[in-house]
file work_30.cif (mmCIF, C-alpha atoms and all ligand atoms)
data_work
loop_
_atom_site.label_atom_id
_atom_site.label_comp_id
_atom_site.auth_asym_id
_atom_site.auth_seq_id
_atom_site.Cartn_x
_atom_site.Cartn_y
_atom_site.Cartn_z
CA ALA W 1 11.33 19.22 -19.34
CA THR W 2 14.75 20.77 -19.64
CA PRO W 3 17.65 18.51 -18.77
CA THR W 4 18.98 21.12 -16.31
CA ALA W 5 15.79 21.28 -14.24
CA ILE W 6 15.61 17.49 -14.11
CA MET W 7 19.25 17.31 -13.03
CA VAL W 8 18.59 19.80 -10.24
CA GLY W 9 15.52 17.83 -9.16
CA THR W 10 17.47 14.58 -9.20
CA GLY W 11 20.20 16.17 -7.06
CA GLN W 12 17.66 17.45 -4.54
CA GLY W 13 16.14 13.97 -4.40
CA ALA W 14 19.51 12.34 -3.75
CA ARG W 15 20.15 14.64 -0.79
CA ALA W 16 16.76 13.62 0.63
CA GLY W 17 17.47 9.89 0.24
CA ILE W 18 15.49 9.51 -2.99
CA LEU W 19 17.84 8.00 -5.56
CA VAL W 20 16.42 8.50 -9.04
CA LYS W 21 17.88 6.04 -11.54
CA ASN W 22 15.52 6.99 -14.33
CA ALA W 23 14.92 10.74 -14.80
CA GLU W 24 11.80 10.16 -16.92
CA ALA W 25 10.29 8.35 -13.96
CA LEU W 26 10.75 11.49 -11.84
CA GLU W 27 8.88 13.47 -14.49
CA ARG W 28 6.03 10.94 -14.53
CA ALA W 29 5.71 10.90 -10.71
CA GLU W 30 3.88 14.24 -10.92
CA LYS W 31 0.82 12.56 -12.41
CA LEU W 32 0.71 9.51 -10.15
CA ALA W 33 -2.96 8.43 -9.78
CA VAL W 34 -2.52 5.21 -7.83
CA LEU W 35 0.28 3.63 -5.82
CA ALA W 36 0.34 -0.13 -5.35
CA VAL W 37 2.29 -1.07 -2.23
CA ASP W 38 3.58 -4.43 -1.14
CA LYS W 39 2.76 -5.27 2.49
CA THR W 40 5.65 -7.30 3.88
CA GLY W 41 8.85 -5.28 4.10
CA THR W 42 7.29 -2.19 2.56
CA LEU W 43 4.41 -1.22 4.87
CA THR W 44 5.84 -3.49 7.58
CA GLU W 45 9.39 -3.77 8.86
CA GLY W 46 9.96 -7.04 7.02
CA ARG W 47 11.48 -8.78 10.04
CA PRO W 48 8.86 -11.39 10.86
CA ALA W 49 9.22 -13.25 14.16
CA VAL W 50 7.34 -16.17 15.71
CA VAL W 51 5.12 -14.87 18.51
CA GLU W 52 3.00 -17.93 19.26
CA VAL W 53 2.98 -21.69 18.62
CA CYS W 54 -0.36 -23.48 18.99
CA PRO W 55 0.07 -27.28 18.72
CA ALA W 56 -2.96 -29.46 17.97
CA PRO W 57 -4.56 -30.76 21.23
CA ASP W 58 -2.60 -34.03 21.37
CA LEU W 59 0.81 -32.52 20.47
CA GLU W 60 3.60 -30.48 22.10
CA ARG W 61 5.03 -27.11 21.01
CA GLU W 62 8.65 -28.18 20.37
CA PRO W 63 8.10 -31.13 18.00
CA VAL W 64 5.62 -29.10 15.91
CA LEU W 65 8.11 -26.25 15.60
CA ALA W 66 10.93 -28.71 14.80
CA LEU W 67 8.86 -30.38 12.08
CA ALA W 68 8.17 -27.01 10.46
CA ALA W 69 11.80 -25.91 10.78
CA ALA W 70 13.03 -29.09 9.06
CA LEU W 71 11.27 -27.97 5.87
CA GLU W 72 11.71 -24.22 6.32
CA ALA W 73 15.49 -24.64 6.58
CA ALA W 74 15.40 -25.18 2.81
CA SER W 75 13.36 -22.02 2.09
CA ALA W 76 14.68 -18.47 1.72
CA HIS W 77 11.28 -16.96 2.57
CA PRO W 78 11.29 -14.44 5.47
CA LEU W 79 8.59 -16.51 7.23
CA ALA W 80 10.82 -19.58 6.90
CA ARG W 81 13.73 -17.76 8.51
CA ALA W 82 11.50 -16.79 11.44
CA VAL W 83 10.45 -20.42 11.98
CA VAL W 84 14.03 -21.73 11.81
CA GLU W 85 15.20 -19.06 14.24
CA ALA W 86 12.47 -19.91 16.75
CA ALA W 87 13.18 -23.65 16.53
CA GLY W 88 16.92 -23.43 17.03
CA ALA W 89 18.50 -26.63 15.65
CA ALA W 90 16.48 -28.46 13.01
CA VAL W 91 16.59 -32.05 11.78
CA ALA W 92 17.24 -32.47 8.06
CA ALA W 93 14.29 -33.09 5.76
CA GLU W 94 14.52 -35.99 3.31
CA THR W 95 12.84 -34.03 0.51
CA VAL W 96 11.58 -30.45 0.19
CA ASP W 97 9.49 -28.68 -2.46
CA THR W 98 8.82 -24.96 -2.18
CA VAL W 99 5.57 -23.64 -3.66
CA ALA W 100 5.79 -19.90 -4.38
CA GLY W 101 3.18 -17.83 -2.54
CA LYS W 102 1.93 -20.87 -0.60
CA GLY W 103 4.50 -22.76 1.45
CA VAL W 104 6.68 -25.85 1.50
CA SER W 105 6.03 -29.59 1.40
CA GLY W 106 8.32 -32.56 1.92
CA ARG W 107 9.30 -35.59 3.97
CA VAL W 108 10.68 -35.48 7.49
CA ASP W 109 11.42 -38.71 9.43
CA GLY W 110 9.41 -40.60 6.83
CA ARG W 111 6.35 -38.39 7.35
CA ALA W 112 4.67 -36.25 4.67
CA VAL W 113 4.79 -32.68 6.03
CA LEU W 114 3.13 -29.47 4.83
CA VAL W 115 4.03 -26.00 6.11
CA GLY W 116 2.31 -22.93 4.71
CA SER W 117 -0.84 -20.85 4.40
CA PRO W 118 -4.20 -22.29 5.58
CA GLY W 119 -5.33 -22.35 1.95
CA PHE W 120 -2.27 -24.32 0.84
CA VAL W 121 -2.71 -26.94 3.58
CA ARG W 122 -6.48 -27.23 2.94
CA GLU W 123 -5.78 -27.70 -0.80
CA HIS W 124 -4.09 -30.94 0.28
CA GLY W 125 -7.28 -32.13 1.98
CA VAL W 126 -6.20 -31.32 5.54
CA GLU W 127 -8.82 -29.89 7.89
CA VAL W 128 -7.53 -26.67 9.48
CA PRO W 129 -9.48 -25.23 12.44
CA ALA W 130 -10.97 -21.90 11.35
CA ALA W 131 -11.38 -20.31 14.78
CA ILE W 132 -7.69 -20.16 15.60
CA VAL W 133 -6.82 -18.92 12.09
CA ASP W 134 -9.42 -16.15 12.44
CA ARG W 135 -8.04 -15.08 15.81
CA VAL W 136 -4.45 -14.91 14.52
CA VAL W 137 -5.23 -13.03 11.29
CA GLY W 138 -7.51 -10.63 13.18
CA ALA W 139 -4.43 -9.53 15.13
CA GLY W 140 -2.61 -8.79 11.86
CA ARG W 141 -0.39 -11.86 12.20
CA THR W 142 0.42 -14.45 9.55
CA PRO W 143 -0.71 -18.02 10.30
CA VAL W 144 1.73 -20.73 9.25
CA ILE W 145 0.01 -24.12 9.38
CA VAL W 146 1.88 -27.36 10.02
CA ALA W 147 0.40 -30.71 8.94
CA ALA W 148 1.85 -34.23 9.07
CA ASP W 149 0.55 -37.30 7.24
CA GLY W 150 -2.65 -35.52 6.27
CA ARG W 151 -3.47 -34.26 9.76
CA TYR W 152 -3.38 -30.76 11.23
CA ALA W 153 -0.43 -30.56 13.68
CA GLY W 154 -0.51 -26.91 14.72
CA LEU W 155 -0.31 -23.22 13.90
CA ILE W 156 2.68 -20.90 14.15
CA ALA W 157 1.70 -17.22 14.44
CA ILE W 158 4.20 -14.80 12.92
CA ALA W 159 4.21 -11.05 13.54
CA ASP W 160 5.84 -8.36 11.44
CA PRO W 161 5.28 -4.90 12.93
CA VAL W 162 4.04 -2.04 10.74
CA ARG W 163 6.76 0.57 10.11
CA ALA W 164 6.29 3.62 12.33
CA SER W 165 6.19 5.90 9.26
CA SER W 166 3.63 3.97 7.20
CA ALA W 167 0.32 5.43 8.43
CA ALA W 168 1.44 9.05 8.08
CA ALA W 169 2.89 8.36 4.62
CA VAL W 170 -0.39 6.79 3.45
CA ARG W 171 -2.35 9.82 4.71
CA ARG W 172 0.03 12.19 2.94
CA LEU W 173 -0.20 10.33 -0.37
CA GLN W 174 -4.00 10.24 -0.13
CA SER W 175 -4.12 13.99 0.56
CA GLU W 176 -1.95 14.54 -2.52
CA GLY W 177 -4.58 12.74 -4.58
CA VAL W 178 -2.76 9.41 -4.86
CA LYS W 179 -4.96 6.35 -4.27
CA VAL W 180 -3.04 3.75 -2.23
CA VAL W 181 -3.74 0.04 -2.83
CA MET W 182 -2.00 -2.74 -0.91
CA LEU W 183 -0.99 -5.96 -2.74
CA THR W 184 0.00 -9.01 -0.74
CA GLY W 185 0.28 -12.76 -0.95
CA ASP W 186 -0.76 -12.98 2.68
CA HIS W 187 -4.10 -14.10 4.14
CA PRO W 188 -7.05 -11.69 3.52
CA GLY W 189 -7.63 -11.39 7.28
CA THR W 190 -4.03 -10.42 7.99
CA ALA W 191 -4.13 -8.02 5.04
CA ALA W 192 -7.33 -6.39 6.35
CA ALA W 193 -5.82 -5.84 9.81
CA VAL W 194 -2.63 -4.28 8.42
CA ALA W 195 -4.58 -2.16 5.90
CA GLN W 196 -6.73 -0.82 8.71
CA ALA W 197 -3.68 -0.07 10.87
CA VAL W 198 -2.13 2.12 8.16
CA GLY W 199 -5.36 3.68 6.83
CA ILE W 200 -5.61 1.86 3.50
CA ASP W 201 -9.17 1.06 2.39
CA ASP W 202 -8.33 -0.89 -0.75
CA PHE W 203 -6.28 -4.07 -0.84
CA GLN W 204 -5.82 -7.34 -2.72
CA ALA W 205 -4.74 -10.38 -0.66
CA GLY W 206 -3.67 -13.88 -1.66
CA VAL W 207 -2.01 -12.47 -4.77
CA LEU W 208 0.45 -15.07 -6.08
CA PRO W 209 3.92 -13.72 -6.94
CA ALA W 210 3.28 -14.36 -10.64
CA ASP W 211 0.04 -12.32 -10.51
CA LYS W 212 1.36 -9.14 -8.88
CA ALA W 213 2.42 -7.62 -12.21
CA ALA W 214 -1.01 -8.28 -13.72
CA ALA W 215 -2.63 -6.61 -10.71
CA VAL W 216 -0.50 -3.50 -11.32
CA ALA W 217 -1.44 -3.50 -15.01
CA ARG W 218 -5.15 -3.72 -14.10
CA LEU W 219 -4.82 -0.73 -11.75
CA ALA W 220 -3.16 1.22 -14.56
CA SER W 221 -5.95 0.60 -17.02
CA ALA W 222 -8.62 1.39 -14.41
CA ARG W 223 -7.11 4.45 -12.76
CA GLY W 224 -4.31 5.98 -14.84
CA LEU W 225 -0.64 6.44 -14.08
CA VAL W 226 0.37 3.73 -11.62
CA GLY W 227 3.27 3.53 -9.20
CA MET W 228 4.50 0.48 -7.30
CA ALA W 229 6.51 0.33 -4.09
CA GLY W 230 8.09 -2.96 -3.02
CA ASP W 231 11.11 -4.62 -1.53
CA GLY W 232 11.11 -8.31 -2.39
CA ILE W 233 12.32 -10.60 -5.15
CA ASN W 234 8.62 -11.35 -5.74
CA ASP W 235 7.94 -7.67 -6.39
CA ALA W 236 10.35 -7.23 -9.33
CA PRO W 237 7.84 -8.06 -12.12
CA ALA W 238 5.24 -5.73 -10.57
CA LEU W 239 7.85 -2.98 -10.23
CA ALA W 240 8.72 -3.42 -13.90
CA ALA W 241 5.02 -3.24 -14.86
CA ALA W 242 4.48 0.12 -13.11
CA ASP W 243 4.94 3.57 -14.69
CA VAL W 244 7.00 4.70 -11.70
CA SER W 245 8.58 2.15 -9.37
CA PHE W 246 10.07 2.56 -5.93
CA ALA W 247 12.22 0.04 -4.03
CA MET W 248 12.91 0.11 -0.34
CA GLY W 249 16.66 0.72 0.11
CA GLY W 250 16.89 -2.24 2.47
CA GLY W 251 15.13 -4.52 0.00
CA SER W 252 16.46 -7.31 -2.21
CA ASP W 253 18.93 -6.50 -5.00
CA VAL W 254 16.41 -7.83 -7.52
CA ALA W 255 13.85 -5.21 -6.42
CA LEU W 256 16.47 -2.45 -6.38
CA ASP W 257 17.56 -3.34 -9.91
CA ALA W 258 13.96 -3.34 -11.19
CA ALA W 259 12.95 0.01 -9.66
CA ASP W 260 13.25 3.55 -11.07
CA VAL W 261 13.75 5.06 -7.63
CA THR W 262 15.49 3.78 -4.46
CA LEU W 263 14.10 4.95 -1.11
CA VAL W 264 17.25 5.06 1.03
CA ARG W 265 15.28 5.80 4.21
CA ASN W 266 12.98 2.77 3.86
CA ASP W 267 10.14 5.20 4.40
CA LEU W 268 7.03 5.58 2.20
CA ASN W 269 7.04 9.31 3.02
CA SER W 270 9.83 9.43 0.43
CA VAL W 271 7.27 8.48 -2.26
CA ALA W 272 5.20 11.52 -1.30
CA ASP W 273 8.43 13.56 -1.31
CA ALA W 274 9.18 12.30 -4.82
CA VAL W 275 5.71 13.35 -6.02
CA ASP W 276 6.27 16.81 -4.46
CA LEU W 277 9.71 17.01 -6.03
CA SER W 278 8.33 16.05 -9.43
CA ARG W 279 5.62 18.70 -9.21
CA ALA W 280 8.08 21.39 -8.06
CA THR W 281 10.65 20.47 -10.71
CA LEU W 282 8.14 20.50 -13.54
CA SER W 283 6.43 23.72 -12.40
CA LYS W 284 9.83 25.46 -12.63
CA ILE W 285 10.12 24.32 -16.22
CA ARG W 286 6.71 25.48 -17.42
P1 LIG F 301 4.14 -11.63 0.39
O1 LIG F 301 3.25 -10.90 -0.57
O2 LIG F 301 3.73 -11.38 1.81
O3 LIG F 301 5.59 -11.41 0.15
P2 LIG F 301 4.38 -14.45 -0.60
O4 LIG F 301 3.78 -14.44 -1.95
O5 LIG F 301 5.84 -14.64 -0.49
O6 LIG F 301 3.84 -13.20 0.24
O7 LIG F 301 3.66 -15.60 0.26
C1 LIG F 301 2.27 -15.58 0.44
C2 LIG F 301 1.85 -16.48 1.57
O8 LIG F 301 2.27 -17.82 1.29
C3 LIG F 301 2.48 -16.15 2.90
O9 LIG F 301 1.75 -15.17 3.59
C4 LIG F 301 2.43 -17.49 3.59
O10 LIG F 301 1.13 -17.70 4.12
C5 LIG F 301 2.64 -18.48 2.46
N1 LIG F 301 4.06 -18.90 2.36
C6 LIG F 301 4.89 -18.69 1.30
N2 LIG F 301 6.09 -19.24 1.51
C7 LIG F 301 6.05 -19.78 2.75
C8 LIG F 301 6.98 -20.50 3.57
N3 LIG F 301 8.23 -20.78 3.16
N4 LIG F 301 6.56 -20.92 4.78
C9 LIG F 301 5.32 -20.65 5.21
N5 LIG F 301 4.40 -19.99 4.51
C10 LIG F 301 4.74 -19.57 3.28
MG MG F 302 7.76 -7.47 0.57
#

call {"tool": "encode", "arguments": {"input": "work_30.cif", "output": "structure tokens"}}
result
Amino acid sequence: ATPTAIMVGTGQGARAGILVKNAEALERAEKLAVLAVDKTGTLTEGRPAVVEVCPAPDLEREPVLALAAALEAASAHPLARAVVEAAGAAVAAETVDTVAGKGVSGRVDGRAVLVGSPGFVREHGVEVPAAIVDRVVGAGRTPVIVAADGRYAGLIAIADPVRASSAAAVRRLQSEGVKVVMLTGDHPGTAAAVAQAVGIDDFQAGVLPADKAAAVARLASARGLVGMAGDGINDAPALAAADVSFAMGGGSDVALDAADVTLVRNDLNSVADAVDLSRATLSKIR
């Protein structure tokens, strides 16, 4: 590719809100075979909010929420922020440990408290009622389980709406011959509901932050040139592992630094635009 054509393409991209940091990435975008996309903050708006609190039968809503908030106050996770916001003031926890991709554990008022995914809480030997989890994930919401002293205390349902542009962008990418695969640390049920809402038929759920990069590498060896779109700190290694990486403009600085391309409009349609731009730029050169 001639440097002039690439410069023109890069300039066109910038005017359309596609900031290309790495010109070679723009050249590669033409041959994109598969795009891995993060769910939270990429397909969804990334502003999770508590929509429901379901205390265990013998408990009240407020103390369950307060217990969760005491631990979540120490976590920077978007789900944690939603819990703290819903609870208002929180008591201080005596100790807190955060477990990446799972949740938080610690001591509050002398009690051993767990807050996190159903799997995380069950790993600690706590029985979590399946019916309520199934109902919440079926609605595309994330279940945050609260347990105290080894007993289930309640479920906090958190919703994060799908971006209005996501379904159309997925359709466009698919029609351009790009296979779209969603990667998420969230519950498989929540992942399935969101995937269905945006028209994605292939997803991997429960992917730990440390495993996202390996998942991208596996897609590359199975399918060819692989792209990755993400927004979070957790996504940086996966972005670095991809042949062409895209960060949502509103995402974390860590993701923006790791990505080849910044999507200023926070819209996955810009990935399809970048593929079009790459094809147009390179066809002018040949
Ligand atoms: P994502 O791919 O959605 O960014 P993460 O890897 O950050 O997911 O987290 C995966 C799952 O772990 C979440 O869906 C949630 O169930 C659980 N989790 C992680 N951190 C927390 C937290 N601070 N509070 C509650 N749940 C958490
Ligand atoms: Mg994200």

call {"tool": "closest_residue", "arguments": {"input": "work_30.cif", "among": "W:Pro161, W:Gly13, W:Gly46, W:Pro57", "to": "ligand MG 302 (chain F)", "atoms": "only C-alpha atoms and all ligand atoms"}}
result
W:Gly46

call {"tool": "closest_residue", "arguments": {"input": "work_30.cif", "among": "W:Gly138, W:Pro118, W:Pro237, W:Gly185", "to": "ligand MG 302 (chain F)", "atoms": "all atoms listed in the file"}}
result
W:Gly185

call {"tool": "closest_atom_pairs", "arguments": {"input": "work_30.cif", "of": "chain W", "to": "ligand MG 302 (chain F)", "cutoff": "7 Å", "atoms": "all atoms listed in the file", "output": "tab-separated table"}}
result
residue	atom	partner	partner_atom	distance
W:Asp38	CA	F:MG302	MG	5.4
W:Lys39	CA	F:MG302	MG	5.8
W:Thr40	CA	F:MG302	MG	3.9
W:Gly41	CA	F:MG302	MG	4.3
W:Thr42	CA	F:MG302	MG	5.7
W:Gly46	CA	F:MG302	MG	6.8
W:Gly230	CA	F:MG302	MG	5.8
W:Asp231	CA	F:MG302	MG	4.9
W:Gly232	CA	F:MG302	MG	4.5
W:Asp235	CA	F:MG302	MG	7.0

call {"tool": "closest_residue", "arguments": {"input": "work_30.cif", "among": "W:Val104, W:Ala238, W:Val133, W:Val264", "to": "ligand LIG 301 (chain F)", "atoms": "all atoms listed in the file"}}
result
W:Val104

call {"tool": "closest_residue", "arguments": {"input": "work_30.cif", "among": "W:Leu173, W:Ala89, W:Ala213, W:Leu79", "to": "ligand LIG 301 (chain F)", "atoms": "only C-alpha atoms and all ligand atoms"}}
result
W:Leu79

call {"tool": "atom_distance", "arguments": {"input": "work_30.cif", "atom1": "CA of Leu256 in chain W", "atom2": "CA of Ile18 in chain W"}}
result
12.5 Å

call {"tool": "closest_residue", "arguments": {"input": "work_30.cif", "among": "W:Arg61, W:Arg151, W:Arg163, W:Arg47", "to": "Val194 in chain W", "atoms": "all atoms listed in the file"}}
result
W:Arg163

call {"tool": "residues_near_ligand", "arguments": {"input": "work_30.cif", "ligand": "ligand LIG 301 (chain F)", "cutoff": "6 Å", "atoms": "only C-alpha atoms and all ligand atoms", "output": "PyMOL selection string"}}
result
chain W and resi 40+72+75+77+79-80+100-104+115-117+144+184-187+208-209

call {"tool": "write_last_selection", "arguments": {"input": "work_30.cif", "atoms": "C-alpha atoms", "output": "PDB file, in the coordinates of the input"}}
result
ATOM      1  CA  THR W  40       5.650  -7.300   3.880  1.00  0.00           C
ATOM      2  CA  GLU W  72      11.710 -24.220   6.320  1.00  0.00           C
ATOM      3  CA  SER W  75      13.360 -22.020   2.090  1.00  0.00           C
ATOM      4  CA  HIS W  77      11.280 -16.960   2.570  1.00  0.00           C
ATOM      5  CA  LEU W  79       8.590 -16.510   7.230  1.00  0.00           C
ATOM      6  CA  ALA W  80      10.820 -19.580   6.900  1.00  0.00           C
ATOM      7  CA  ALA W 100       5.790 -19.900  -4.380  1.00  0.00           C
ATOM      8  CA  GLY W 101       3.180 -17.830  -2.540  1.00  0.00           C
ATOM      9  CA  LYS W 102       1.930 -20.870  -0.600  1.00  0.00           C
ATOM     10  CA  GLY W 103       4.500 -22.760   1.450  1.00  0.00           C
ATOM     11  CA  VAL W 104       6.680 -25.850   1.500  1.00  0.00           C
ATOM     12  CA  VAL W 115       4.030 -26.000   6.110  1.00  0.00           C
ATOM     13  CA  GLY W 116       2.310 -22.930   4.710  1.00  0.00           C
ATOM     14  CA  SER W 117      -0.840 -20.850   4.400  1.00  0.00           C
ATOM     15  CA  VAL W 144       1.730 -20.730   9.250  1.00  0.00           C
ATOM     16  CA  THR W 184       0.000  -9.010  -0.740  1.00  0.00           C
ATOM     17  CA  GLY W 185       0.280 -12.760  -0.950  1.00  0.00           C
ATOM     18  CA  ASP W 186      -0.760 -12.980   2.680  1.00  0.00           C
ATOM     19  CA  HIS W 187      -4.100 -14.100   4.140  1.00  0.00           C
ATOM     20  CA  LEU W 208       0.450 -15.070  -6.080  1.00  0.00           C
ATOM     21  CA  PRO W 209       3.920 -13.720  -6.940  1.00  0.00           C
TER      22      PRO W 209
END

call {"tool": "residues_around", "arguments": {"input": "work_30.cif", "residues": "Gln204 in chain W", "least_positions_apart": "2", "cutoff": "9 Å", "atoms": "only C-alpha atoms", "output": "PDB file with C-alpha atoms, in the coordinates of the input"}}
result
ATOM      1  CA  VAL W 181      -3.740   0.040  -2.830  1.00  0.00           C
ATOM      2  CA  MET W 182      -2.000  -2.740  -0.910  1.00  0.00           C
ATOM      3  CA  LEU W 183      -0.990  -5.960  -2.740  1.00  0.00           C
ATOM      4  CA  THR W 184       0.000  -9.010  -0.740  1.00  0.00           C
ATOM      5  CA  GLY W 185       0.280 -12.760  -0.950  1.00  0.00           C
ATOM      6  CA  PRO W 188      -7.050 -11.690   3.520  1.00  0.00           C
ATOM      7  CA  ALA W 191      -4.130  -8.020   5.040  1.00  0.00           C
ATOM      8  CA  ASP W 202      -8.330  -0.890  -0.750  1.00  0.00           C
ATOM      9  CA  GLY W 206      -3.670 -13.880  -1.660  1.00  0.00           C
ATOM     10  CA  VAL W 207      -2.010 -12.470  -4.770  1.00  0.00           C
ATOM     11  CA  ALA W 215      -2.630  -6.610 -10.710  1.00  0.00           C
TER      12      ALA W 215
END

call {"tool": "residues_around", "arguments": {"input": "work_30.cif", "residues": "range 268-284 of chain W", "least_positions_apart": "4", "cutoff": "7 Å", "atoms": "all atoms listed in the file", "output": "list in words"}}
result
Ala1, Ala5, Ile6, Gly9, Ile18, Leu26, Glu27, Ala29, Glu30, Ser166, Ala169, Arg172, Leu173 and Leu263 of chain W

call {"tool": "closest_residue", "arguments": {"input": "work_30.cif", "among": "W:Val50, W:Ala210, W:Leu35, W:Thr98", "to": "Gln174 in chain W", "atoms": "only C-alpha atoms"}}
result
W:Leu35

call {"tool": "atom_distance", "arguments": {"input": "work_30.cif", "atom1": "CA of Arg265 in chain W", "atom2": "CA of Ile158 in chain W"}}
result
25.0 Å

call {"tool": "decode", "arguments": {"input": "work_30.cif", "residues": "range 127-134 of chain W", "atoms": "all heavy atoms", "output": "PDB file, in the first residue's frame"}}
result
ATOM      1  N   GLU W 127     -25.512 -22.686  49.068  1.00  0.00           N
ATOM      2  CA  GLU W 127     -26.583 -23.098  48.164  1.00  0.00           C
ATOM      3  C   GLU W 127     -27.299 -21.856  47.626  1.00  0.00           C
ATOM      4  O   GLU W 127     -27.802 -21.050  48.397  1.00  0.00           O
ATOM      5  CB  GLU W 127     -27.567 -23.980  48.910  1.00  0.00           C
ATOM      6  CG  GLU W 127     -27.738 -25.342  48.262  1.00  0.00           C
ATOM      7  CD  GLU W 127     -28.644 -26.224  49.088  1.00  0.00           C
ATOM      8  OE1 GLU W 127     -28.126 -26.892  50.005  1.00  0.00           O
ATOM      9  OE2 GLU W 127     -29.860 -26.215  48.814  1.00  0.00           O
ATOM     10  N   VAL W 128     -27.341 -21.716  46.304  1.00  0.00           N
ATOM     11  CA  VAL W 128     -27.983 -20.560  45.675  1.00  0.00           C
ATOM     12  C   VAL W 128     -29.191 -21.065  44.898  1.00  0.00           C
ATOM     13  O   VAL W 128     -29.054 -21.968  44.070  1.00  0.00           O
ATOM     14  CB  VAL W 128     -27.001 -19.848  44.714  1.00  0.00           C
ATOM     15  CG1 VAL W 128     -27.687 -18.702  43.994  1.00  0.00           C
ATOM     16  CG2 VAL W 128     -25.772 -19.347  45.474  1.00  0.00           C
ATOM     17  N   PRO W 129     -30.395 -20.527  45.168  1.00  0.00           N
ATOM     18  CA  PRO W 129     -31.586 -21.039  44.483  1.00  0.00           C
ATOM     19  C   PRO W 129     -31.495 -20.820  42.967  1.00  0.00           C
ATOM     20  O   PRO W 129     -31.270 -19.700  42.506  1.00  0.00           O
ATOM     21  CB  PRO W 129     -32.731 -20.225  45.090  1.00  0.00           C
ATOM     22  CG  PRO W 129     -32.102 -19.061  45.772  1.00  0.00           C
ATOM     23  CD  PRO W 129     -30.701 -19.439  46.106  1.00  0.00           C
ATOM     24  N   ALA W 130     -31.678 -21.913  42.204  1.00  0.00           N
ATOM     25  CA  ALA W 130     -31.489 -21.842  40.758  1.00  0.00           C
ATOM     26  C   ALA W 130     -32.633 -21.123  40.055  1.00  0.00           C
ATOM     27  O   ALA W 130     -32.416 -20.426  39.055  1.00  0.00           O
ATOM     28  CB  ALA W 130     -31.329 -23.259  40.195  1.00  0.00           C
ATOM     29  N   ALA W 131     -33.850 -21.256  40.565  1.00  0.00           N
ATOM     30  CA  ALA W 131     -35.010 -20.727  39.840  1.00  0.00           C
ATOM     31  C   ALA W 131     -34.919 -19.212  39.667  1.00  0.00           C
ATOM     32  O   ALA W 131     -35.179 -18.677  38.578  1.00  0.00           O
ATOM     33  CB  ALA W 131     -36.298 -21.101  40.577  1.00  0.00           C
ATOM     34  N   ILE W 132     -34.533 -18.518  40.732  1.00  0.00           N
ATOM     35  CA  ILE W 132     -34.491 -17.062  40.649  1.00  0.00           C
ATOM     36  C   ILE W 132     -33.334 -16.603  39.752  1.00  0.00           C
ATOM     37  O   ILE W 132     -33.445 -15.643  38.995  1.00  0.00           O
ATOM     38  CB  ILE W 132     -34.433 -16.415  42.062  1.00  0.00           C
ATOM     39  CG1 ILE W 132     -34.433 -14.899  41.938  1.00  0.00           C
ATOM     40  CG2 ILE W 132     -33.272 -16.899  42.872  1.00  0.00           C
ATOM     41  CD1 ILE W 132     -34.655 -14.203  43.241  1.00  0.00           C
ATOM     42  N   VAL W 133     -32.210 -17.352  39.824  1.00  0.00           N
ATOM     43  CA  VAL W 133     -31.079 -17.028  38.944  1.00  0.00           C
ATOM     44  C   VAL W 133     -31.511 -17.189  37.489  1.00  0.00           C
ATOM     45  O   VAL W 133     -31.270 -16.317  36.646  1.00  0.00           O
ATOM     46  CB  VAL W 133     -29.855 -17.924  39.252  1.00  0.00           C
ATOM     47  CG1 VAL W 133     -28.766 -17.747  38.198  1.00  0.00           C
ATOM     48  CG2 VAL W 133     -29.311 -17.633  40.644  1.00  0.00           C
ATOM     49  N   ASP W 134     -32.195 -18.285  37.184  1.00  0.00           N
ATOM     50  CA  ASP W 134     -32.638 -18.552  35.810  1.00  0.00           C
ATOM     51  C   ASP W 134     -33.563 -17.451  35.301  1.00  0.00           C
ATOM     52  O   ASP W 134     -33.481 -17.023  34.146  1.00  0.00           O
ATOM     53  CB  ASP W 134     -33.361 -19.898  35.727  1.00  0.00           C
ATOM     54  CG  ASP W 134     -32.395 -21.075  35.875  1.00  0.00           C
ATOM     55  OD1 ASP W 134     -31.172 -20.841  35.810  1.00  0.00           O
ATOM     56  OD2 ASP W 134     -32.871 -22.207  36.070  1.00  0.00           O
TER      57      ASP W 134
END
